[in-house]
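Asks: Handing over query.cif, mmCIF, C-alpha atoms.
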```cif
data_work
loop_
_atom_site.group_PDB
_atom_site.id
_atom_site.type_symbol
_atom_site.label_atom_id
_atom_site.label_comp_id
_atom_site.auth_asym_id
_atom_site.auth_seq_id
_atom_site.Cartn_x
_atom_site.Cartn_y
_atom_site.Cartn_z
ATOM 1 C CA MET A 117 85.212 66.110 51.436
ATOM 2 C CA LEU A 118 88.083 68.544 51.949
ATOM 3 C CA ASP A 119 88.774 70.341 55.223
ATOM 4 C CA THR A 120 87.469 73.529 53.566
ATOM 5 C CA GLY A 121 83.996 71.999 53.269
ATOM 6 C CA ASN A 122 84.347 71.515 49.535
ATOM 7 C CA LEU A 123 82.967 68.196 48.293
ATOM 8 C CA VAL A 124 85.217 67.109 45.423
ATOM 9 C CA LEU A 125 85.064 64.428 42.745
ATOM 10 C CA ALA A 126 88.590 63.826 41.438
ATOM 11 C CA THR A 127 90.487 61.356 39.291
ATOM 12 C CA ASN A 128 93.186 59.076 40.685
ATOM 13 C CA THR A 129 95.683 61.697 39.550
ATOM 14 C CA ALA A 130 93.958 64.363 41.721
ATOM 15 C CA ILE A 131 92.361 66.202 38.800
ATOM 16 C CA ILE A 132 89.086 67.734 40.013
ATOM 17 C CA VAL A 133 86.194 66.950 37.668
ATOM 18 C CA TRP A 134 83.417 68.266 39.941
ATOM 19 C CA GLN A 135 83.267 70.278 43.185
ATOM 20 C CA SER A 136 80.449 71.638 45.334
ATOM 21 C CA PHE A 137 82.146 75.057 45.560
ATOM 22 C CA ASP A 138 81.155 75.565 41.912
ATOM 23 C CA LEU A 139 77.462 75.195 42.833
ATOM 24 C CA PRO A 140 76.800 77.471 45.834
ATOM 25 C CA THR A 141 73.318 77.445 47.399
ATOM 26 C CA ASP A 142 72.843 80.123 50.085
ATOM 27 C CA THR A 143 76.312 79.931 51.706
ATOM 28 C CA ILE A 144 79.970 80.500 50.868
ATOM 29 C CA LEU A 145 82.960 79.253 52.882
ATOM 30 C CA PRO A 146 86.598 80.350 53.251
ATOM 31 C CA THR A 147 88.634 79.766 50.038
ATOM 32 C CA GLN A 148 85.402 79.758 48.015
ATOM 33 C CA SER A 149 84.789 82.281 45.230
ATOM 34 C CA LEU A 150 81.815 83.693 43.373
ATOM 35 C CA ASN A 151 82.602 84.202 39.716
ATOM 36 C CA GLN A 152 80.730 86.367 37.259
ATOM 37 C CA GLY A 153 77.345 84.767 36.686
ATOM 38 C CA ASP A 154 77.319 82.971 40.060
ATOM 39 C CA THR A 155 74.316 83.422 42.355
ATOM 40 C CA ILE A 156 73.363 82.358 45.868
ATOM 41 C CA VAL A 157 69.682 82.232 46.821
ATOM 42 C CA ALA A 158 68.219 82.531 50.311
ATOM 43 C CA ARG A 159 65.963 79.777 51.569
ATOM 44 C CA TYR A 160 62.239 80.589 51.770
ATOM 45 C CA SER A 161 61.939 80.598 55.569
ATOM 46 C CA GLU A 162 63.738 79.390 58.655
ATOM 47 C CA ALA A 163 62.295 75.885 58.242
ATOM 48 C CA ASN A 164 61.665 75.828 54.471
ATOM 49 C CA TYR A 165 64.825 75.281 52.425
ATOM 50 C CA SER A 166 63.253 75.791 49.012
ATOM 51 C CA SER A 167 64.348 78.864 47.032
ATOM 52 C CA GLY A 168 63.277 82.071 48.711
ATOM 53 C CA ARG A 169 62.661 85.743 48.009
ATOM 54 C CA PHE A 170 66.227 87.125 47.990
ATOM 55 C CA LEU A 171 69.405 86.467 46.031
ATOM 56 C CA LEU A 172 73.003 87.704 45.774
ATOM 57 C CA THR A 173 74.553 87.641 42.324
ATOM 58 C CA MET A 174 77.983 88.417 40.896
ATOM 59 C CA GLN A 175 76.754 89.913 37.654
ATOM 60 C CA THR A 176 78.552 89.558 34.362
ATOM 61 C CA ASP A 177 78.806 93.371 34.216
ATOM 62 C CA GLY A 178 81.018 93.349 37.338
ATOM 63 C CA ASN A 179 78.421 94.524 39.862
ATOM 64 C CA LEU A 180 77.705 92.495 43.016
ATOM 65 C CA VAL A 181 74.007 92.959 43.827
ATOM 66 C CA LEU A 182 71.384 91.873 46.365
ATOM 67 C CA TYR A 183 67.924 91.505 44.799
ATOM 68 C CA THR A 184 64.412 90.698 45.897
ATOM 69 C CA VAL A 185 62.885 87.864 43.876
ATOM 70 C CA ASN A 186 59.499 87.632 42.198
ATOM 71 C CA THR A 187 58.047 84.371 43.480
ATOM 72 C CA PRO A 188 57.023 81.906 42.224
ATOM 73 C CA LEU A 189 58.754 82.900 38.963
ATOM 74 C CA SER A 190 62.211 83.247 40.595
ATOM 75 C CA SER A 191 62.981 86.338 38.483
ATOM 76 C CA ILE A 192 64.847 89.298 39.978
ATOM 77 C CA ASN A 193 62.735 92.246 41.049
ATOM 78 C CA PHE A 194 64.432 95.043 43.008
ATOM 79 C CA ALA A 195 68.078 95.763 43.884
ATOM 80 C CA TYR A 196 68.421 96.797 47.536
ATOM 81 C CA TRP A 197 72.245 96.710 47.888
ATOM 82 C CA ALA A 198 75.125 96.816 45.389
ATOM 83 C CA THR A 199 78.874 97.439 45.188
ATOM 84 C CA SER A 200 78.405 99.797 42.199
ATOM 85 C CA THR A 201 81.360 98.228 40.370
ATOM 86 C CA VAL A 202 79.933 97.887 36.872
ATOM 87 C CA GLY A 203 82.789 97.352 34.424
ATOM 88 C CA SER A 204 85.415 96.666 37.085
ATOM 89 C CA GLY A 205 84.253 93.884 39.442
ATOM 90 C CA PHE A 206 85.378 90.376 38.564
ATOM 91 C CA GLN A 207 85.173 87.900 41.462
ATOM 92 C CA VAL A 208 84.133 87.630 45.124
ATOM 93 C CA GLU A 209 86.760 86.043 47.387
ATOM 94 C CA PHE A 210 86.350 84.660 50.926
ATOM 95 C CA ASN A 211 89.875 84.343 52.317
ATOM 96 C CA LYS A 212 91.185 82.344 55.275
ATOM 97 C CA SER A 213 91.561 85.499 57.385
ATOM 98 C CA GLY A 214 87.804 85.997 57.372
ATOM 99 C CA SER A 215 87.472 88.813 54.848
ATOM 100 C CA VAL A 216 85.010 88.746 51.978
ATOM 101 C CA TYR A 217 85.801 91.148 49.165
ATOM 102 C CA LEU A 218 85.335 91.912 45.491
ATOM 103 C CA ILE A 219 88.399 91.926 43.241
ATOM 104 C CA ALA A 220 89.135 93.204 39.765
ATOM 105 C CA GLU A 221 90.405 90.882 37.046
ATOM 106 C CA ASN A 222 94.024 91.822 37.913
ATOM 107 C CA GLY A 223 93.472 90.825 41.565
ATOM 108 C CA THR A 224 93.115 94.358 42.965
ATOM 109 C CA ILE A 225 90.593 94.600 45.796
ATOM 110 C CA MET A 226 87.703 96.780 44.591
ATOM 111 C CA SER A 227 85.360 96.619 47.582
ATOM 112 C CA TYR A 228 85.199 94.892 50.976
ATOM 113 C CA ILE A 229 81.927 93.182 51.770
ATOM 114 C CA PHE A 230 83.173 91.948 55.164
ATOM 115 C CA ALA A 231 86.564 93.343 56.208
ATOM 116 C CA ASP A 232 87.227 91.159 59.246
ATOM 117 C CA ASN A 233 90.692 89.780 59.925
ATOM 118 C CA SER A 234 90.103 88.850 63.569
ATOM 119 C CA SER A 235 88.845 85.297 62.946
ATOM 120 C CA THR A 236 91.221 83.146 60.924
ATOM 121 C CA ASP A 237 90.426 79.614 59.768
ATOM 122 C CA GLN A 238 93.009 78.323 62.257
ATOM 123 C CA ASP A 239 90.886 79.435 65.202
ATOM 124 C CA PHE A 240 87.349 79.591 63.792
ATOM 125 C CA TYR A 241 84.932 77.869 61.507
ATOM 126 C CA GLN A 242 83.469 80.540 59.264
ATOM 127 C CA ARG A 243 80.619 80.941 56.832
ATOM 128 C CA ALA A 244 78.769 83.716 55.026
ATOM 129 C CA ILE A 245 75.101 83.077 54.313
ATOM 130 C CA LEU A 246 72.267 84.928 52.614
ATOM 131 C CA GLU A 247 69.452 84.289 55.053
ATOM 132 C CA TYR A 248 65.715 84.095 54.444
ATOM 133 C CA ASP A 249 65.184 87.671 55.699
ATOM 134 C CA GLY A 250 67.349 89.074 52.886
ATOM 135 C CA VAL A 251 70.413 89.845 55.031
ATOM 136 C CA PHE A 252 73.870 88.562 54.035
ATOM 137 C CA ARG A 253 75.623 87.648 57.309
ATOM 138 C CA LYS A 254 79.095 86.380 58.197
ATOM 139 C CA TYR A 255 79.304 83.951 61.132
ATOM 140 C CA ALA A 256 82.192 82.468 63.134
ATOM 141 C CA PHE A 257 82.374 79.481 65.504
ATOM 142 C CA PRO A 258 85.480 78.877 67.681
ATOM 143 C CA LYS A 259 87.325 75.653 67.018
ATOM 144 C CA PRO A 260 87.852 73.484 70.124
ATOM 145 C CA SER A 261 91.541 73.200 69.240
ATOM 146 C CA SER A 262 92.008 76.959 69.274
ATOM 147 C CA PRO A 263 94.020 78.327 72.241
ATOM 148 C CA ASN A 264 91.495 81.189 72.387
ATOM 149 C CA SER A 265 88.401 78.982 72.323
ATOM 150 C CA GLY A 266 87.568 79.679 75.973
ATOM 151 C CA ARG A 267 87.268 83.381 75.254
ATOM 152 C CA TRP A 268 84.453 82.859 72.753
ATOM 153 C CA PRO A 269 81.011 81.263 73.247
ATOM 154 C CA ALA A 270 80.685 77.818 71.675
ATOM 155 C CA ALA A 271 78.093 79.045 69.189
ATOM 156 C CA TRP A 272 77.803 80.654 65.782
ATOM 157 C CA SER A 273 78.198 84.407 66.304
ATOM 158 C CA ILE A 274 77.341 87.137 63.807
ATOM 159 C CA GLN A 275 80.420 89.184 62.929
ATOM 160 C CA SER A 276 79.197 91.351 60.053
ATOM 161 C CA PHE A 277 76.139 91.770 57.851
ATOM 162 C CA ILE A 278 74.699 93.760 54.952
ATOM 163 C CA PRO A 279 72.579 95.797 54.552
ATOM 164 C CA SER A 280 72.700 97.562 57.910
ATOM 165 C CA ASN A 281 68.878 97.814 58.095
ATOM 166 C CA ILE A 282 66.946 95.506 55.791
ATOM 167 C CA CYS A 283 63.637 97.128 56.791
ATOM 168 C CA THR A 284 64.602 100.503 55.323
ATOM 169 C CA SER A 285 66.696 99.082 52.467
ATOM 170 C CA VAL A 286 63.881 97.309 50.619
ATOM 171 C CA THR A 287 61.913 100.130 49.003
ATOM 172 C CA GLU A 288 60.400 98.422 45.965
ATOM 173 C CA GLN A 289 57.082 99.794 44.766
ATOM 174 C CA VAL A 290 56.004 96.655 42.885
ATOM 175 C CA GLY A 291 56.503 93.028 43.835
ATOM 176 C CA THR A 292 56.918 91.353 47.210
ATOM 177 C CA GLY A 293 55.343 94.083 49.340
ATOM 178 C CA GLY A 294 58.511 94.596 51.361
ATOM 179 C CA VAL A 295 60.564 92.348 53.603
ATOM 180 C CA TYR A 296 57.521 90.534 55.005
ATOM 181 C CA GLY A 297 54.714 90.959 52.510
ATOM 182 C CA PHE A 298 51.812 93.332 51.988
ATOM 183 C CA ASN A 299 50.205 95.317 54.833
ATOM 184 C CA SER A 300 52.921 94.284 57.321
ATOM 185 C CA LEU A 301 55.379 96.386 59.319
ATOM 186 C CA CYS A 302 59.109 95.633 59.547
ATOM 187 C CA GLN A 303 61.230 96.790 62.496
ATOM 188 C CA LEU A 304 64.864 96.025 63.316
ATOM 189 C CA GLY A 305 65.173 94.312 66.704
ATOM 190 C CA GLY A 306 67.843 94.665 69.346
ATOM 191 C CA ASP A 307 69.635 91.663 67.835
ATOM 192 C CA GLN A 308 69.722 93.547 64.506
ATOM 193 C CA ARG A 309 67.300 91.052 62.958
ATOM 194 C CA PRO A 310 64.047 92.232 61.363
ATOM 195 C CA ASN A 311 60.793 91.627 63.232
ATOM 196 C CA CYS A 312 57.430 91.722 61.515
ATOM 197 C CA THR A 313 54.020 92.724 62.870
ATOM 198 C CA CYS A 314 50.553 93.422 61.548
ATOM 199 C CA PRO A 315 48.978 96.858 62.192
ATOM 200 C CA PRO A 316 45.916 97.119 64.469
ATOM 201 C CA GLY A 317 42.884 95.545 62.853
ATOM 202 C CA TYR A 318 44.991 93.241 60.644
ATOM 203 C CA ILE A 319 45.967 89.586 61.069
ATOM 204 C CA TRP A 320 48.383 87.254 59.270
ATOM 205 C CA VAL A 321 47.185 85.797 55.983
ATOM 206 C CA ASP A 322 48.898 82.592 57.155
ATOM 207 C CA PRO A 323 50.314 82.545 60.727
ATOM 208 C CA ASP A 324 52.847 79.935 59.578
ATOM 209 C CA ASP A 325 54.100 82.062 56.678
ATOM 210 C CA GLU A 326 54.713 85.731 57.499
ATOM 211 C CA THR A 327 55.971 86.405 53.975
ATOM 212 C CA LEU A 328 52.349 86.367 52.791
ATOM 213 C CA GLY A 329 51.717 89.530 54.787
ATOM 214 C CA CYS A 330 48.633 90.699 56.661
ATOM 215 C CA ARG A 331 44.946 91.023 55.810
ATOM 216 C CA PRO A 332 42.173 93.176 57.312
ATOM 217 C CA ASN A 333 40.283 91.457 60.122
ATOM 218 C CA PHE A 334 37.133 93.468 59.443
ATOM 219 C CA ALA A 335 34.522 94.034 56.769
ATOM 220 C CA PRO A 336 35.639 96.628 54.214
ATOM 221 C CA GLN A 337 33.896 99.973 53.961
ATOM 222 C CA LEU A 338 31.357 100.166 51.153
ATOM 223 C CA CYS A 339 31.937 103.065 48.801
ATOM 224 C CA SER A 340 28.184 103.539 48.476
ATOM 225 C CA GLY A 341 27.918 104.725 52.090
ATOM 226 C CA ALA A 342 28.030 108.361 53.177
ATOM 227 C CA GLY A 343 31.249 109.716 54.591
ATOM 228 C CA SER A 344 29.675 110.632 57.936
ATOM 229 C CA GLU A 345 28.299 107.115 58.331
ATOM 230 C CA ALA A 346 31.738 105.653 57.641
ATOM 231 C CA SER A 347 33.263 107.908 60.294
ATOM 232 C CA ASN A 348 30.868 106.423 62.832
ATOM 233 C CA GLN A 349 31.797 102.864 61.876
ATOM 234 C CA PHE A 350 35.564 103.105 62.349
ATOM 235 C CA HIS A 351 37.795 104.290 65.150
ATOM 236 C CA LEU A 352 41.480 105.221 65.190
ATOM 237 C CA VAL A 353 44.105 103.275 67.157
ATOM 238 C CA GLN A 354 47.380 105.146 67.532
ATOM 239 C CA MET A 355 50.820 103.678 66.832
ATOM 240 C CA ILE A 356 54.251 105.310 66.849
ATOM 241 C CA ASN A 357 56.706 105.653 63.950
ATOM 242 C CA ALA A 358 54.866 103.368 61.529
ATOM 243 C CA ASN A 359 54.739 104.180 57.835
ATOM 244 C CA TRP A 360 54.167 102.724 54.387
ATOM 245 C CA PRO A 361 55.996 105.474 52.457
ATOM 246 C CA TYR A 362 55.303 104.192 48.934
ATOM 247 C CA SER A 363 51.563 103.478 49.036
ATOM 248 C CA ASP A 364 50.278 107.035 48.404
ATOM 249 C CA TYR A 365 47.446 107.794 46.006
ATOM 250 C CA GLU A 366 46.429 111.312 47.143
ATOM 251 C CA TYR A 367 48.187 114.320 48.632
ATOM 252 C CA TYR A 368 46.882 117.470 50.379
ATOM 253 C CA ALA A 369 48.711 120.520 51.724
ATOM 254 C CA GLY A 370 47.643 123.231 54.137
ATOM 255 C CA VAL A 371 45.262 121.019 56.122
ATOM 256 C CA THR A 372 44.897 120.128 59.789
ATOM 257 C CA GLU A 373 45.452 116.784 61.457
ATOM 258 C CA ASP A 374 41.733 116.490 62.212
ATOM 259 C CA TRP A 375 40.867 117.193 58.578
ATOM 260 C CA CYS A 376 43.337 114.506 57.455
ATOM 261 C CA ARG A 377 41.752 111.984 59.830
ATOM 262 C CA ARG A 378 38.193 112.776 58.759
ATOM 263 C CA GLN A 379 39.138 112.722 55.075
ATOM 264 C CA CYS A 380 40.620 109.233 55.366
ATOM 265 C CA LEU A 381 37.616 107.898 57.284
ATOM 266 C CA ALA A 382 35.231 109.369 54.716
ATOM 267 C CA ASP A 383 37.204 107.960 51.780
ATOM 268 C CA CYS A 384 36.333 104.320 51.109
ATOM 269 C CA PHE A 385 39.674 103.815 49.302
ATOM 270 C CA CYS A 386 41.804 105.113 52.188
ATOM 271 C CA ALA A 387 43.605 102.431 54.203
ATOM 272 C CA VAL A 388 46.231 104.753 55.752
ATOM 273 C CA ALA A 389 46.802 108.503 55.974
ATOM 274 C CA THR A 390 49.993 110.254 57.046
ATOM 275 C CA PHE A 391 50.044 113.773 58.435
ATOM 276 C CA LYS A 392 52.974 116.103 59.130
ATOM 277 C CA ASP A 393 52.941 119.117 61.398
ATOM 278 C CA ASP A 394 53.477 121.465 58.466
ATOM 279 C CA GLY A 395 49.982 120.615 57.187
ATOM 280 C CA GLU A 396 50.802 117.875 54.665
ATOM 281 C CA CYS A 397 48.527 114.847 54.384
ATOM 282 C CA TRP A 398 48.967 111.680 52.288
ATOM 283 C CA MET A 399 46.283 109.085 51.596
ATOM 284 C CA LYS A 400 47.356 105.463 51.092
ATOM 285 C CA ASN A 401 45.390 102.543 49.709
ATOM 286 C CA SER A 402 45.586 98.787 50.100
ATOM 287 C CA PRO A 403 47.550 96.628 49.709
ATOM 288 C CA LEU A 404 50.147 98.553 51.670
ATOM 289 C CA PHE A 405 53.785 97.765 50.922
ATOM 290 C CA ASN A 406 57.236 98.463 52.388
ATOM 291 C CA GLY A 407 55.780 98.955 55.858
ATOM 292 C CA VAL A 408 58.473 100.019 58.288
ATOM 293 C CA ILE A 409 59.009 101.224 61.851
ATOM 294 C CA PRO A 410 62.527 102.673 61.560
ATOM 295 C CA PRO A 411 64.708 104.004 64.371
ATOM 296 C CA VAL A 412 63.716 107.600 65.118
ATOM 297 C CA SER A 413 67.051 108.821 63.718
ATOM 298 C CA GLU A 414 66.244 107.098 60.406
ATOM 299 C CA THR A 415 62.543 107.965 60.146
ATOM 300 C CA PRO A 416 61.961 109.181 56.568
ATOM 301 C CA ASP A 417 59.195 111.460 55.383
ATOM 302 C CA GLU A 418 57.277 110.818 52.164
ATOM 303 C CA GLU A 419 60.196 112.140 50.096
ATOM 304 C CA GLY A 420 62.825 110.186 52.024
ATOM 305 C CA ASP A 421 64.008 113.045 54.271
ATOM 306 C CA SER A 422 65.762 111.405 57.220
ATOM 307 C CA ASN A 423 65.079 114.475 59.401
ATOM 308 C CA ALA A 424 61.299 114.047 59.416
ATOM 309 C CA ARG A 425 59.291 114.381 62.632
ATOM 310 C CA ARG A 426 58.235 111.348 64.626
ATOM 311 C CA ILE A 427 55.382 109.398 63.041
ATOM 312 C CA HIS A 428 52.175 108.543 64.918
ATOM 313 C CA THR A 429 49.783 105.939 63.548
ATOM 314 C CA GLY A 430 46.105 105.498 64.292
ATOM 315 C CA ALA A 431 43.759 102.765 63.088
ATOM 316 C CA ARG A 432 40.009 102.788 63.335
ATOM 317 C CA SER A 433 39.416 99.071 63.926
ATOM 318 C CA SER A 434 39.846 98.806 60.206
ATOM 319 C CA ARG A 435 41.912 101.514 58.579
ATOM 320 C CA SER A 436 44.944 103.417 59.808
ATOM 321 C CA VAL A 437 45.986 107.032 60.129
ATOM 322 C CA VAL A 438 49.674 107.867 60.384
ATOM 323 C CA LEU A 439 50.554 111.176 61.992
ATOM 324 C CA HIS A 440 54.019 112.751 61.680
#
```
Give the structure from the file, written as structure tokens.

Replies:
Amino acid sequence: MLDTGNLVLATNTAIIVWQSFDLPTDTILPTQSLNQGDTIVARYSEANYSSGRFLLTMQTDGNLVLYTVNTPLSSINFAYWATSTVGSGFQVEFNKSGSVYLIAENGTIMSYIFADNSSTDQDFYQRAILEYDGVFRKYAFPKPSSPNSGRWPAAWSIQSFIPSNICTSVTEQVGTGGVYGFNSLCQLGGDQRPNCTCPPGYIWVDPDDETLGCRPNFAPQLCSGAGSEASNQFHLVQMINANWPYSDYEYYAGVTEDWCRRQCLADCFCAVATFKDDGECWMKNSPLFNGVIPPVSETPDEEGDSNARRIHTGARSSRSVVLH
């Protein structure tokens, strides 16, 4: 085992015949590279180290890409971050100064993934890991021998990460259902890590595995019933800034908020409705995917407009209404 963390099998003349750096799992270390065709795969969950739902790959076309993964097939599904270096990217380098970057074949730096020169390998242990929530993070831990060790907490600290908001970055319309599975809501916490919740009236499919998403905790509405009867069976519980922007199946314009509410309650296929003050109403059916509660400054409308009004959500003990 070398000081770099590389486990090496070498001959008695120091010729390396095998090294662990050639077989990365979910982590890369200083002096390690990712060559074209190399991939790192996130673990499934915090406690489950089997292959998970996200991967980072240095593609043979030169593009460095983060993908969601179709489980259990382990095939790539949706790209949610990329360097856009098709035809020019060659290799990912993690240098001793703490920077992670993509270079061209001639050694020119094409793109910085983590441009951080404040934590050298002389003073810090460093690692970059694709974690189970789909975020690629760079960590540093002060070495006891460092003269500056007292200025830093004796713990692994996040220095950089991509993407900046995983909840709003994953926008796939087929596949995993979002960061945390179908019918769930993803929100970035104060520690910049995603938190997942179920909407009112929904519970976890498996409380020990949030990636399976949420399920209704109520009997579904029968489509044979009259709309007025359905309206009497469900009530609306309001939430703020919640949306599933890619689950629409019907759209209305020039209607009122009350009409949008009543239409959803009378429609046996409607799981969620969104309404904007300009009279637009969207109906959404289950399973709901890419659920998100973004920061107000990032709240998108149905077409992705970041200047949309604040979203209000209501659920009637069964189905939800989202109001912009």

Asks: May I have the residues within 9 Å of range 234-251 of chain A as a ChimeraX atom specification, using all atoms listed in the file and disregarding those fewer than 6 positions away in the same chain?

Replies: /A:142-146,156-162,168-172,182-184,210-216,257-265,272,277-282,295-296,309-310

Asks: Check the smallest atom-to-atom distance from each of A:Thr199, A:Asn193, A:Ser300, A:Asn128 to Glu288 in chain A using all atoms listed in the file, then report the winner.

Replies: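 Residue with the minimum atom-to-atom distance to Glu288 in chain A: A:Asn193.
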
Asks: Please expand the PyMOL selection byres ((chain A and resi 125) around 7) into the concrete residues it hits in this file, giving the result as a PyMOL selection string.

Replies: chain A and resi 124+126+132-135

Asks: Can you pull out every residue within 6 Å of range 392-397 of chain A, counting all atoms listed in the file, but drop anything in the same chain fewer than 2 positions away, and send it as a list in words?

Replies: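 My list of contacting residues is Tyr367, Tyr368, Ala369, Gly370, Val371, Thr372, Thr390 and His440 of chain A.
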
Asks: With all atoms listed in the file counted, which protein, DNA or RNA residues have an atom no more than 12 Å from (85.7, 100.5, 51.8) in the file frame? Please answer as an NGL selection string.

Replies: :A and (199 or 216-218 or 225-231)

Asks: Suppose we keep C-alpha atoms; can you now write the selection as a PDB file, in the coordinates of the input?

Replies:
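again_38.pdb was written with the following content:
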```pdb
ATOM      1  CA  THR A 199      78.874  97.439  45.188  1.00  0.00           C
ATOM      2  CA  VAL A 216      85.010  88.746  51.978  1.00  0.00           C
ATOM      3  CA  TYR A 217      85.801  91.148  49.165  1.00  0.00           C
ATOM      4  CA  LEU A 218      85.335  91.912  45.491  1.00  0.00           C
ATOM      5  CA  ILE A 225      90.593  94.600  45.796  1.00  0.00           C
ATOM      6  CA  MET A 226      87.703  96.780  44.591  1.00  0.00           C
ATOM      7  CA  SER A 227      85.360  96.619  47.582  1.00  0.00           C
ATOM      8  CA  TYR A 228      85.199  94.892  50.976  1.00  0.00           C
ATOM      9  CA  ILE A 229      81.927  93.182  51.770  1.00  0.00           C
ATOM     10  CA  PHE A 230      83.173  91.948  55.164  1.00  0.00           C
ATOM     11  CA  ALA A 231      86.564  93.343  56.208  1.00  0.00           C
TER      12      ALA A 231
END
```

Asks: Between A:Gln289, A:Gln379, A:Asn311, A:Ser402, which is the closest to Tyr362 in chain A once you count only C-alpha atoms?

Replies: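 For Tyr362 in chain A, the nearest of the candidates is A:Gln289.
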
Asks: Can you measure CA of Thr284 in chain A to CA of Pro410 in chain A for me? One decimal in Å is fine.

Replies: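 Answer for the CA of Thr284 in chain A to CA of Pro410 in chain A separation: 6.9 Å.
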
Asks: Is it possible to get the axis-aligned box enclosing range 267-277 of chain A (all listed atoms, 6 Å extra per side) as JSON, with centre and edge lengths in Å rounded to one decimal?

Replies:
```
{"center_x": 81.7, "center_y": 84.8, "center_z": 66.6, "size_x": 23.1, "size_y": 26.0, "size_z": 29.4}
```

Asks: So how far away is CA of Ala163 in chain A from CA of Asn299 in chain A, in Å?

Replies: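 Interatomic distance, CA of Asn299 in chain A to CA of Ala163 in chain A: 23.1 Å.
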
Asks: Just the number, please: distance in Å from CA of Thr173 in chain A to CA of Ala220 in chain A, one decimal.

Replies: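 The value is 15.8 Å.
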
Asks: With only C-alpha atoms as the basis for distance, which of A:Ser167, A:Thr120, A:Thr176, A:Ser273 is at the shortest distance from Ser136 in chain A?

Replies: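 The shortest atom-to-atom distance to Ser136 in chain A comes from A:Thr120.
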
Asks: Which residue gives the smallest distance to Val208 in chain A among A:Ala195, A:Leu189, A:Cys380, A:Val181, with all atoms listed in the file counted?

Replies: A:Val181

Asks: I'd like to know which of A:Val408, A:Leu123, A:Met117, A:Ile356 is closest to Val286 in chain A, using all atoms listed in the file.

Replies: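 Using all atoms listed in the file, Val286 in chain A sits closest to A:Val408.
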
Asks: Leaving out Val290 in chain A and any residue of its chain fewer than 3 positions from it, which residues lie within 10 Å of it when counting only C-alpha atoms, given as a ChimeraX atom specification?

Replies: /A:186,193-194,287,293-294,362,405-406

Asks: Go ahead and write the selection's residues with C-alpha atoms as a PDB file, in the frame of the given file.

Replies:
```
ATOM      1  CA  ASN A 186      59.499  87.632  42.198  1.00  0.00           C
ATOM      2  CA  ASN A 193      62.735  92.246  41.049  1.00  0.00           C
ATOM      3  CA  PHE A 194      64.432  95.043  43.008  1.00  0.00           C
ATOM      4  CA  THR A 287      61.913 100.130  49.003  1.00  0.00           C
ATOM      5  CA  GLY A 293      55.343  94.083  49.340  1.00  0.00           C
ATOM      6  CA  GLY A 294      58.511  94.596  51.361  1.00  0.00           C
ATOM      7  CA  TYR A 362      55.303 104.192  48.934  1.00  0.00           C
ATOM      8  CA  PHE A 405      53.785  97.765  50.922  1.00  0.00           C
ATOM      9  CA  ASN A 406      57.236  98.463  52.388  1.00  0.00           C
TER      10      ASN A 406
END
```

Asks: Just say which residues the PyMOL selection byres ((chain A and resi 179) around 8) picks in this file, as a ChimeraX atom specification.

Replies: /A:174-178,180-181,198-205

Asks: Please evaluate the PyMOL selection byres ((chain A and resi 401) around 7) against the structure above and give the resulting residues as a list in words.

Replies: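 Matching residues under the PyMOL selection byres ((chain A and resi 401) around 7) are Ser363, Asp364, Tyr365, Phe385, Cys386, Ala387, Val388, Met399, Lys400, Ser402, Pro403 and Leu404 of chain A.
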